[in-house]
file work.cif (mmCIF, C-alpha atoms)
data_query
#
loop_
_atom_site.label_atom_id
_atom_site.label_comp_id
_atom_site.auth_asym_id
_atom_site.auth_seq_id
_atom_site.Cartn_x
_atom_site.Cartn_y
_atom_site.Cartn_z
CA MET M 62 5.51 51.43 155.05
CA VAL M 63 5.73 47.65 155.21
CA PRO M 64 2.36 45.99 154.51
CA ASN M 65 1.00 43.82 157.31
CA GLY M 66 2.58 40.35 157.21
CA TRP M 67 5.32 41.38 154.75
CA ARG M 68 9.04 41.71 155.54
CA HIS M 69 11.45 44.43 154.45
CA LEU M 70 14.51 42.60 153.08
CA LYS M 71 17.67 43.19 151.08
CA LEU M 72 18.09 41.22 147.83
CA PRO M 73 20.67 38.73 149.23
CA GLU M 74 18.07 37.71 151.85
CA PHE M 75 15.67 36.31 149.26
CA ALA M 76 17.78 35.63 146.14
CA TRP M 77 21.16 34.15 145.23
CA PHE M 78 23.03 35.90 142.42
CA GLN M 79 26.33 35.52 140.60
CA GLU M 80 28.20 37.81 138.21
CA GLY M 81 30.04 36.24 135.31
CA PRO M 82 33.86 36.08 135.26
CA GLY M 83 35.86 38.66 133.33
CA LEU M 84 36.69 36.55 130.29
CA ARG M 85 39.12 38.16 127.85
CA LYS M 86 39.07 38.14 124.05
CA TRP M 87 42.16 35.97 123.87
CA GLN M 88 40.29 33.25 125.82
CA PHE M 89 37.54 32.91 123.22
CA THR M 90 37.64 30.00 120.80
CA ASP M 91 35.59 28.94 117.77
CA SER M 92 34.20 25.87 119.52
CA GLY M 93 33.68 24.46 122.99
CA CYS M 94 31.19 25.83 125.53
CA LYS M 95 29.13 28.85 124.45
CA VAL M 96 29.62 32.08 126.41
CA ILE M 97 26.58 34.25 127.17
CA ASN M 98 26.68 37.87 126.04
CA ILE M 99 24.33 40.83 126.61
CA THR M 100 23.24 40.73 122.97
CA ASN M 101 22.00 37.16 123.46
CA ILE M 102 19.21 38.40 125.76
CA VAL M 103 16.25 38.93 123.42
CA ASN M 104 12.56 39.32 124.34
CA GLY M 105 12.85 37.63 127.72
CA TYR M 106 14.86 34.62 126.54
CA LEU M 107 18.25 33.85 125.00
CA ASP M 108 19.03 33.82 121.29
CA LEU M 109 22.32 31.97 120.83
CA ALA M 110 22.00 31.37 117.09
CA LYS M 111 24.72 33.88 116.21
CA THR M 112 26.98 33.24 119.19
CA GLU M 113 30.63 33.16 118.16
CA ARG M 114 32.13 33.25 121.64
CA HIS M 115 33.19 29.94 123.18
CA ILE M 116 35.79 28.79 125.64
CA SER M 117 37.57 25.47 125.40
CA GLU M 118 36.36 22.50 127.43
CA GLU M 119 39.79 22.30 129.06
CA GLU M 120 39.67 25.90 130.31
CA LEU M 121 36.04 25.52 131.39
CA ASN M 122 36.79 22.44 133.49
CA ALA M 123 39.93 23.99 134.96
CA LYS M 124 38.57 27.40 135.99
CA TYR M 125 34.92 28.10 135.23
CA LYS M 126 32.69 25.09 135.95
CA HIS M 127 31.01 26.98 138.81
CA PHE M 128 29.91 29.61 136.26
CA LEU M 129 27.93 27.12 134.15
CA CYS M 130 24.28 28.17 133.75
CA ASN M 131 21.33 26.01 134.71
CA ALA M 132 17.94 25.82 133.03
CA GLY M 133 15.67 28.32 134.74
CA ASP M 134 18.41 30.78 135.68
CA ILE M 135 17.13 34.35 135.43
CA VAL M 136 19.77 36.58 133.82
CA ILE M 137 19.97 40.36 133.48
CA ALA M 138 22.42 42.65 131.69
CA SER M 139 24.55 44.67 134.09
CA SER M 140 26.36 46.90 131.61
CA GLY M 141 25.68 49.17 128.67
CA ASN M 142 22.61 51.13 127.62
CA SER M 143 20.41 48.05 127.86
CA TYR M 144 21.29 47.36 131.50
CA CYS M 145 18.58 45.44 133.38
CA LYS M 146 17.55 43.69 130.14
CA HIS M 147 16.11 40.40 131.34
CA GLY M 148 15.94 36.80 130.12
CA ILE M 149 15.52 33.19 131.21
CA VAL M 150 17.92 30.35 130.42
CA ARG M 151 16.22 27.32 128.85
CA GLU M 152 17.34 23.70 128.56
CA GLN M 153 17.97 24.21 124.85
CA ASP M 154 20.53 26.95 125.65
CA LEU M 155 22.82 24.61 127.58
CA PRO M 156 25.71 24.12 128.02
CA LEU M 157 26.38 27.80 128.57
CA VAL M 158 28.90 29.65 130.70
CA MET M 159 28.53 33.08 132.30
CA ASN M 160 30.52 36.14 131.26
CA THR M 161 31.04 39.59 132.71
CA SER M 162 28.20 42.11 132.16
CA VAL M 163 25.62 39.39 132.86
CA ILE M 164 24.32 38.37 136.31
CA ARG M 165 22.22 35.29 137.04
CA PHE M 166 19.68 34.83 139.84
CA LYS M 167 17.97 32.01 141.71
CA PRO M 168 15.33 32.41 144.46
CA LEU M 169 16.04 31.31 148.03
CA ASP M 170 13.56 29.17 149.96
CA ASN M 171 11.56 32.20 151.14
CA CYS M 172 11.01 33.50 147.59
CA ASP M 173 8.81 32.15 144.79
CA TYR M 174 10.63 31.73 141.46
CA GLU M 175 8.04 33.55 139.34
CA PHE M 176 7.69 36.33 141.93
CA LEU M 177 11.45 36.90 141.75
CA ASN M 178 11.22 36.85 137.96
CA GLN M 179 8.54 39.55 138.02
CA PHE M 180 10.56 41.70 140.43
CA LEU M 181 13.74 41.45 138.35
CA LYS M 182 11.98 42.80 135.26
CA SER M 183 10.06 45.47 137.15
CA LYS M 184 10.70 49.19 137.44
CA TYR M 185 11.27 48.72 141.19
CA LEU M 186 14.59 47.00 140.55
CA LYS M 187 15.66 49.42 137.79
CA GLN M 188 14.76 52.52 139.80
CA GLN M 189 17.05 51.40 142.62
CA ILE M 190 19.80 50.46 140.16
CA ASP M 191 19.50 53.90 138.51
CA VAL M 192 20.34 55.53 141.85
CA LEU M 193 23.28 53.23 142.55
CA ILE M 194 24.75 52.74 139.08
CA THR M 195 28.23 53.94 138.11
CA GLY M 196 29.72 54.89 134.79
CA GLY M 197 28.81 57.55 132.26
CA ALA M 198 29.05 56.48 128.62
CA GLN M 199 29.07 52.82 129.72
CA PRO M 200 26.85 52.32 132.81
CA ASN M 201 27.72 49.33 135.00
CA PHE M 202 26.50 47.69 138.18
CA GLY M 203 27.49 44.53 140.04
CA PRO M 204 27.01 42.48 143.22
CA ALA M 205 28.02 45.41 145.46
CA HIS M 206 25.05 47.38 144.11
CA LEU M 207 22.67 44.43 144.20
CA LYS M 208 23.39 43.88 147.89
CA GLN M 209 21.76 47.26 148.53
CA ILE M 210 18.54 46.49 146.62
CA GLU M 211 15.48 46.38 148.91
CA LEU M 212 12.01 44.88 148.65
CA ASN M 213 8.98 44.37 150.86
CA LEU M 214 8.53 40.61 150.53
CA PRO M 215 5.08 39.04 151.01
CA PRO M 216 4.58 35.54 152.48
CA ILE M 217 5.36 32.78 149.99
CA ASN M 218 1.69 31.93 149.29
CA GLU M 219 0.89 35.56 148.51
CA GLN M 220 3.97 35.77 146.30
CA ARG M 221 2.72 32.84 144.24
CA ILE M 222 -0.69 34.40 143.72
CA ILE M 223 0.79 37.79 142.78
CA ALA M 224 3.14 36.09 140.34
CA LYS M 225 0.30 34.09 138.80
CA VAL M 226 -1.80 37.23 138.24
CA LEU M 227 1.10 39.09 136.61
CA SER M 228 2.10 36.05 134.55
CA THR M 229 -1.41 35.96 133.10
CA TRP M 230 -0.86 39.46 131.75
CA ASP M 231 2.56 38.45 130.44
CA LYS M 232 0.97 35.63 128.46
CA ALA M 233 -1.56 38.03 126.92
CA ILE M 234 1.27 40.44 126.03
CA THR M 235 3.41 37.69 124.51
CA THR M 236 0.49 36.30 122.50
CA THR M 237 -0.32 39.75 121.12
CA GLU M 238 3.34 40.43 120.26
CA LYS M 239 3.45 37.18 118.29
CA LEU M 240 0.24 38.12 116.45
CA ILE M 241 1.73 41.49 115.52
CA ALA M 242 4.95 39.89 114.29
CA THR M 243 2.98 37.36 112.22
CA SER M 244 0.69 40.06 110.80
CA LYS M 245 3.66 42.22 109.81
CA GLN M 246 5.35 39.27 108.13
CA GLN M 247 2.15 38.40 106.26
CA LYS M 248 1.77 42.02 105.14
CA LYS M 249 5.39 42.08 103.96
CA ALA M 250 4.85 38.90 101.92
CA LEU M 251 1.63 40.32 100.50
CA MET M 252 3.42 43.55 99.53
CA GLN M 253 6.10 41.57 97.70
CA GLN M 254 3.43 39.80 95.66
CA LEU M 255 1.06 42.68 95.03
CA LEU M 256 3.61 45.42 94.32
CA THR M 257 5.42 43.32 91.72
CA GLY M 258 2.34 42.01 89.93
CA LYS M 259 3.07 38.39 90.90
CA LYS M 260 -0.36 38.27 92.51
CA ARG M 261 -3.25 40.05 90.76
CA LEU M 262 -6.37 40.97 92.70
CA VAL M 263 -9.93 40.63 91.45
CA ASN M 264 -11.35 43.59 89.55
CA PRO M 265 -14.76 44.25 91.17
CA LYS M 266 -16.11 45.52 87.85
CA THR M 267 -15.34 42.32 85.91
CA GLY M 268 -15.19 39.73 88.67
CA LYS M 269 -11.89 38.54 87.20
CA ALA M 270 -8.25 39.21 88.04
CA PHE M 271 -6.79 42.49 86.82
CA GLU M 272 -4.93 42.20 83.54
CA GLY M 273 -2.54 44.34 81.56
CA VAL M 274 1.17 45.12 81.66
CA TRP M 275 2.46 47.41 84.39
CA GLU M 276 4.06 50.65 83.23
CA ASP M 277 7.65 51.57 84.13
CA LYS M 278 8.15 55.19 85.16
CA LYS M 279 10.48 57.40 87.16
CA LEU M 280 9.17 59.04 90.32
CA LYS M 281 9.38 62.52 88.75
CA GLN M 282 6.82 61.32 86.15
CA CYS M 283 4.39 60.33 88.91
CA VAL M 284 4.46 63.35 91.22
CA ALA M 285 4.99 67.07 91.47
CA PHE M 286 7.62 67.97 94.06
CA GLN M 287 6.41 70.60 96.55
CA ASN M 288 9.79 71.08 98.25
CA GLY M 289 9.86 74.79 97.51
CA ARG M 290 6.97 75.35 99.90
CA ARG M 291 8.67 73.70 102.90
CA LYS M 292 9.71 75.90 105.79
CA PRO M 293 11.68 74.88 108.90
CA ILE M 294 10.82 76.37 112.30
CA LYS M 295 13.64 76.96 114.77
CA GLN M 296 13.36 75.11 118.06
CA GLU M 297 13.26 78.35 120.08
CA GLU M 298 10.40 79.70 117.93
CA ARG M 299 8.04 76.75 118.40
CA ALA M 300 6.97 77.71 121.91
CA ASN M 301 5.48 80.93 120.52
CA ILE M 302 3.38 79.19 117.86
CA GLN M 303 2.08 76.12 119.72
CA GLY M 304 -1.22 74.84 118.36
CA GLU M 305 -3.01 71.74 117.08
CA ILE M 306 -1.65 71.55 113.51
CA PRO M 307 0.99 68.80 113.04
CA TYR M 308 4.53 69.92 112.19
CA TYR M 309 6.31 67.17 110.20
CA GLY M 310 9.93 66.24 109.68
CA ALA M 311 11.68 63.25 108.10
CA THR M 312 10.36 60.78 110.70
CA GLY M 313 6.83 62.04 111.27
CA ILE M 314 5.22 64.57 113.61
CA ILE M 315 7.78 66.43 115.71
CA ASP M 316 5.56 69.17 117.15
CA TYR M 317 2.22 70.98 116.83
CA VAL M 318 1.86 74.58 115.63
CA ASN M 319 -0.90 77.14 115.03
CA ASP M 320 -0.49 77.62 111.26
CA HIS M 321 -0.11 75.49 108.12
CA ILE M 322 1.63 75.40 104.74
CA PHE M 323 -0.26 72.50 103.13
CA ASP M 324 -3.92 71.48 103.17
CA GLU M 325 -4.17 68.46 100.86
CA LYS M 326 -3.25 64.79 100.59
CA LEU M 327 0.50 64.43 100.05
CA ILE M 328 3.37 61.98 100.50
CA LEU M 329 6.39 62.76 102.66
CA LEU M 330 9.64 60.94 101.93
CA GLY M 331 12.47 61.44 104.42
CA GLU M 332 15.34 63.39 102.86
CA ASP M 333 18.03 62.84 105.49
CA GLY M 334 18.68 61.08 108.81
CA GLU M 335 19.30 57.49 109.90
CA ASN M 336 15.65 56.48 109.33
CA ILE M 337 15.89 56.73 105.56
CA LEU M 338 18.10 53.63 105.44
CA SER M 339 16.00 51.65 107.91
CA ARG M 340 13.80 48.78 106.76
CA VAL M 341 11.86 48.95 110.03
CA LEU M 342 11.38 52.60 110.99
CA PRO M 343 8.95 54.54 108.75
CA HIS M 344 10.18 57.47 106.68
CA VAL M 345 7.54 57.43 103.93
CA PHE M 346 3.98 58.34 104.90
CA VAL M 347 0.82 60.12 103.76
CA ILE M 348 -0.24 63.45 105.27
CA GLN M 349 -3.68 64.95 104.83
CA GLY M 350 -5.39 68.16 105.89
CA LYS M 351 -3.66 71.19 107.39
CA THR M 352 0.04 70.50 107.97
CA TRP M 353 3.42 72.20 108.24
CA VAL M 354 6.55 70.46 106.88
CA ASN M 355 10.22 71.30 107.47
CA ASN M 356 13.07 70.84 104.98
CA HIS M 357 14.04 67.29 106.05
CA ALA M 358 11.34 65.53 104.01
CA HIS M 359 10.54 65.61 100.30
CA VAL M 360 6.91 66.63 99.70
CA LEU M 361 5.26 64.76 96.82
CA LYS M 362 1.87 65.42 95.23
CA ALA M 363 0.68 62.44 93.18
CA ASN M 364 -0.51 63.04 89.61
CA SER M 365 -4.20 62.54 88.86
CA ASP M 366 -3.61 59.06 87.39
CA ILE M 367 -1.70 57.91 90.51
CA ASP M 368 -3.32 56.73 93.73
CA THR M 369 -1.54 58.49 96.62
CA ASP M 370 -1.91 55.58 99.03
CA PHE M 371 -0.59 53.07 96.48
CA LEU M 372 2.43 55.20 95.65
CA CYS M 373 3.21 55.70 99.34
CA ILE M 374 3.06 51.95 99.98
CA TYR M 375 5.21 51.32 96.90
CA LEU M 376 7.85 53.82 98.03
CA GLU M 377 7.70 52.36 101.55
CA SER M 378 8.69 48.95 100.16
CA LEU M 379 11.97 50.11 98.57
CA ASP M 380 15.49 49.70 99.90
CA TYR M 381 16.90 53.22 100.12
CA ARG M 382 20.49 52.19 100.73
CA LYS M 383 20.99 52.20 96.95
CA TYR M 384 19.74 55.81 96.74
CA ASN M 385 21.86 57.18 99.59
CA SER M 386 24.04 60.10 98.50
CA GLY M 387 25.26 61.12 101.96
CA SER M 388 28.54 60.27 103.66
CA ALA M 389 28.58 61.30 107.32
CA GLN M 390 24.77 61.33 107.36
CA PRO M 391 22.42 59.41 105.05
CA LYS M 392 20.69 61.62 102.47
CA ILE M 393 18.44 61.19 99.45
CA ASN M 394 18.75 64.35 97.38
CA LYS M 395 16.05 65.49 94.99
CA ALA M 396 17.97 64.55 91.83
CA VAL M 397 18.31 60.95 93.02
CA CYS M 398 14.76 60.91 94.34
CA GLU M 399 13.36 61.92 90.96
CA LYS M 400 15.01 58.91 89.29
CA ILE M 401 13.56 56.27 91.62
CA PRO M 402 11.90 53.65 89.36
CA VAL M 403 8.19 52.97 89.89
CA LYS M 404 6.10 50.16 88.38
CA LEU M 405 2.46 51.16 87.92
CA PRO M 406 -0.66 49.12 87.16
CA SER M 407 -3.91 50.84 86.15
CA LEU M 408 -5.41 53.38 88.57
CA GLN M 409 -8.18 50.91 89.47
CA GLU M 410 -5.66 48.18 90.34
CA GLN M 411 -3.58 50.68 92.32
CA GLN M 412 -6.63 51.58 94.38
CA LYS M 413 -7.51 47.93 95.01
CA ILE M 414 -3.94 47.07 96.10
CA ALA M 415 -3.85 50.11 98.39
CA SER M 416 -7.18 49.12 99.93
CA VAL M 417 -5.99 45.58 100.73
CA LEU M 418 -2.69 46.69 102.23
CA THR M 419 -4.27 49.56 104.15
CA THR M 420 -6.70 47.09 105.69
CA ALA M 421 -3.71 44.98 106.77
CA ASP M 422 -2.15 48.09 108.35
CA LYS M 423 -5.33 48.85 110.27
CA GLU M 424 -5.43 45.30 111.65
CA ILE M 425 -1.84 45.71 112.86
CA GLU M 426 -2.71 49.08 114.42
CA VAL M 427 -5.58 47.47 116.34
CA LEU M 428 -3.24 44.79 117.68
CA GLU M 429 -0.62 47.39 118.62
CA ALA M 430 -3.24 49.41 120.51
CA LYS M 431 -4.32 46.23 122.29
CA LEU M 432 -0.68 45.48 123.20
CA ALA M 433 -0.18 49.00 124.58
CA HIS M 434 -3.32 48.56 126.68
CA PHE M 435 -2.14 45.22 128.07
CA LYS M 436 1.27 46.65 128.98
CA GLN M 437 -0.28 49.66 130.69
CA GLU M 438 -2.72 47.49 132.62
CA LYS M 439 0.06 45.16 133.75
CA LYS M 440 2.23 48.10 134.76
CA ALA M 441 -0.57 49.56 136.90
CA LEU M 442 -1.37 46.17 138.44
CA MET M 443 2.31 45.49 139.17
CA GLN M 444 2.56 48.85 140.95
CA GLN M 445 -0.34 47.86 143.19
CA LEU M 446 0.61 44.24 143.83
CA LEU M 447 4.37 44.59 144.38
CA THR M 448 3.87 47.42 146.86
CA GLY M 449 1.00 45.85 148.80
CA LYS M 450 -1.40 48.67 147.91
CA ARG M 451 -3.64 45.93 146.60
CA ARG M 452 -3.64 42.67 148.50
CA VAL M 453 -4.62 39.30 147.11
CA LYS M 454 -6.23 36.40 148.91
CA VAL M 455 -5.39 32.73 148.59
CA ASP M 456 -8.69 32.01 146.85
CA GLU M 457 -7.82 34.59 144.17
CA ALA M 458 -5.31 32.12 142.71
CA GLU M 459 -7.97 30.32 140.70
CA ALA M 460 -9.58 33.57 139.60
CA ALA M 461 -6.26 34.76 138.21
#

call {"tool": "encode", "arguments": {"input": "work.cif", "output": "structure tokens"}}
result
Amino acid sequence: MVPNGWRHLKLPEFAWFQEGPGLRKWQFTDSGCKVINITNIVNGYLDLAKTERHISEEELNAKYKHFLCNAGDIVIASSGNSYCKHGIVREQDLPLVMNTSVIRFKPLDNCDYEFLNQFLKSKYLKQQIDVLITGGAQPNFGPAHLKQIELNLPPINEQRIIAKVLSTWDKAITTTEKLIATSKQQKKALMQQLLTGKKRLVNPKTGKAFEGVWEDKKLKQCVAFQNGRRKPIKQEERANIQGEIPYYGATGIIDYVNDHIFDEKLILLGEDGENILSRVLPHVFVIQGKTWVNNHAHVLKANSDIDTDFLCIYLESLDYRKYNSGSAQPKINKAVCEKIPVKLPSLQEQQKIASVLTTADKEIEVLEAKLAHFKQEKKALMQQLLTGKRRVKVDEAEAA
């Protein structure tokens, strides 16, 4: 159904687009004009800091001048697993020449720029591409597919209002993402200071900074390994024991079951898998209460003079590449795990450090929940506005 006053159009009727030329490796040079690549599209813009691909000025002027980008061009990836990844070319990115696997767009006179921008990063474009796309291991689409893309296009004034409303949500999302990134960076810096003793917190009992030399230990001196109690559950067996008790693996909760092995506060440290070498994805975390754990995570019970939360945060801060004993797949075996060095302040200072860093984590969690809410709200609003299920009026522009 086409909403009243809207027109059902194909993409070429409201947008101009151009696919990059098929440049070959032998054409790339160390200097000249930068060549855009899929990996340059990052968080809605272009990151050209690590670009190594250029073509010479002579070749550019002879063959490819009509592929030079302009500020404001909207570009999307047309190949690979990140197809439909979206970005905008800025003045600071120029001069820049197109390449294959990237397509640029400009609105025609009947289409508002920001409305087109919203459509190109919406699920309505990707859903149509998903139906049309070719390729298995390496999906691809091009102008022939884009010519088949359809949209119910509102009048230009309504487009502008819709775009303004959605852009308002984009700004809130971007602001929150920046706050999260800043908070994570601040927490990381704080961890580096607090977990090395470079910064000492105030002891609430004395009103002065904690003192004393930190003790050097091995992990096996700090915990009792509970690995012997772990028990994996086969995939086909889980359906018969579904429940509300979390079933943990190396990366966190992987299912819920109706029975438990542990019922206390413990630390899980991933034993194998790609996550154990990641500095971003978590593989060290605290579990508490009734839980079931498989054999892909070491289970550690902190000694009485060790704060569990502190030790978890300390272990989280380490670089596990130096402890990897796997070849085809990363692995931290128990013998290596036991020898991990740990620097320990007094129990009271451990507890204070854990409290400060846990508070920082909670602040990040609040921001992440807020971000998820904003994204969900925008998604729901986009579904209503881009389909005409909810109509806007001209006087809603200011309210937006």

call {"tool": "closest_residue", "arguments": {"input": "work.cif", "among": "M:His206, M:His127, M:His147, M:Lys404", "to": "M:Gln189", "atoms": "only C-alpha atoms"}}
result
M:His206

call {"tool": "residues_around", "arguments": {"input": "work.cif", "residues": "stretch 131-133 of chain M", "least_positions_apart": "3", "cutoff": "9 Å", "atoms": "all atoms listed in the file", "output": "ChimeraX atom specification"}}
result
/M:149-157,167

call {"tool": "write_last_selection", "arguments": {"input": "work.cif", "atoms": "C-alpha atoms", "output": "PDB file, keeping the file's coordinate frame"}}
result
ATOM      1  CA  ILE M 149      15.520  33.190 131.210  1.00  0.00           C
ATOM      2  CA  VAL M 150      17.920  30.350 130.420  1.00  0.00           C
ATOM      3  CA  ARG M 151      16.220  27.320 128.850  1.00  0.00           C
ATOM      4  CA  GLU M 152      17.340  23.700 128.560  1.00  0.00           C
ATOM      5  CA  GLN M 153      17.970  24.210 124.850  1.00  0.00           C
ATOM      6  CA  ASP M 154      20.530  26.950 125.650  1.00  0.00           C
ATOM      7  CA  LEU M 155      22.820  24.610 127.580  1.00  0.00           C
ATOM      8  CA  PRO M 156      25.710  24.120 128.020  1.00  0.00           C
ATOM      9  CA  LEU M 157      26.380  27.800 128.570  1.00  0.00           C
ATOM     10  CA  LYS M 167      17.970  32.010 141.710  1.00  0.00           C
TER      11      LYS M 167
END

call {"tool": "residues_near_point", "arguments": {"input": "work.cif", "point": "(-3.4, 71.0, 112.8)", "cutoff": "8 Å", "atoms": "only C-alpha atoms", "output": "list of chain:residue names"}}
result
M:Gly304, M:Glu305, M:Ile306, M:Pro307, M:Tyr317, M:Val318, M:Asn319, M:Asp320, M:His321, M:Gly350, M:Lys351, M:Thr352

call {"tool": "residues_around", "arguments": {"input": "work.cif", "residues": "M:Glu429", "least_positions_apart": "3", "cutoff": "12 Å", "atoms": "all atoms listed in the file", "output": "JSON, numbers by chain"}}
result
{"M": [234, 236, 237, 238, 239, 240, 241, 242, 244, 245, 422, 423, 424, 425, 426, 432, 433, 434, 435, 436]}

call {"tool": "resolve_selection", "arguments": {"input": "work.cif", "expression": "the PyMOL selection byres ((chain M and resi 225) around 12)", "output": "PyMOL selection string"}}
result
chain M and resi 173-179+218-224+226-232+443+446+453+455+457-461

call {"tool": "closest_residue", "arguments": {"input": "work.cif", "among": "M:Ser139, M:Gln88, M:Asn364, M:Ser162", "to": "M:Glu118", "atoms": "all atoms listed in the file"}}
result
M:Gln88

call {"tool": "closest_residue", "arguments": {"input": "work.cif", "among": "M:Phe180, M:Ile99, M:Tyr185, M:Lys86", "to": "M:Ser143", "atoms": "only C-alpha atoms"}}
result
M:Ile99

call {"tool": "resolve_selection", "arguments": {"input": "work.cif", "expression": "the PyMOL selection byres ((chain M and resi 66) around 8)", "output": "list in words"}}
result
Pro64, Asn65, Trp67, Arg68, Pro215 and Pro216 of chain M
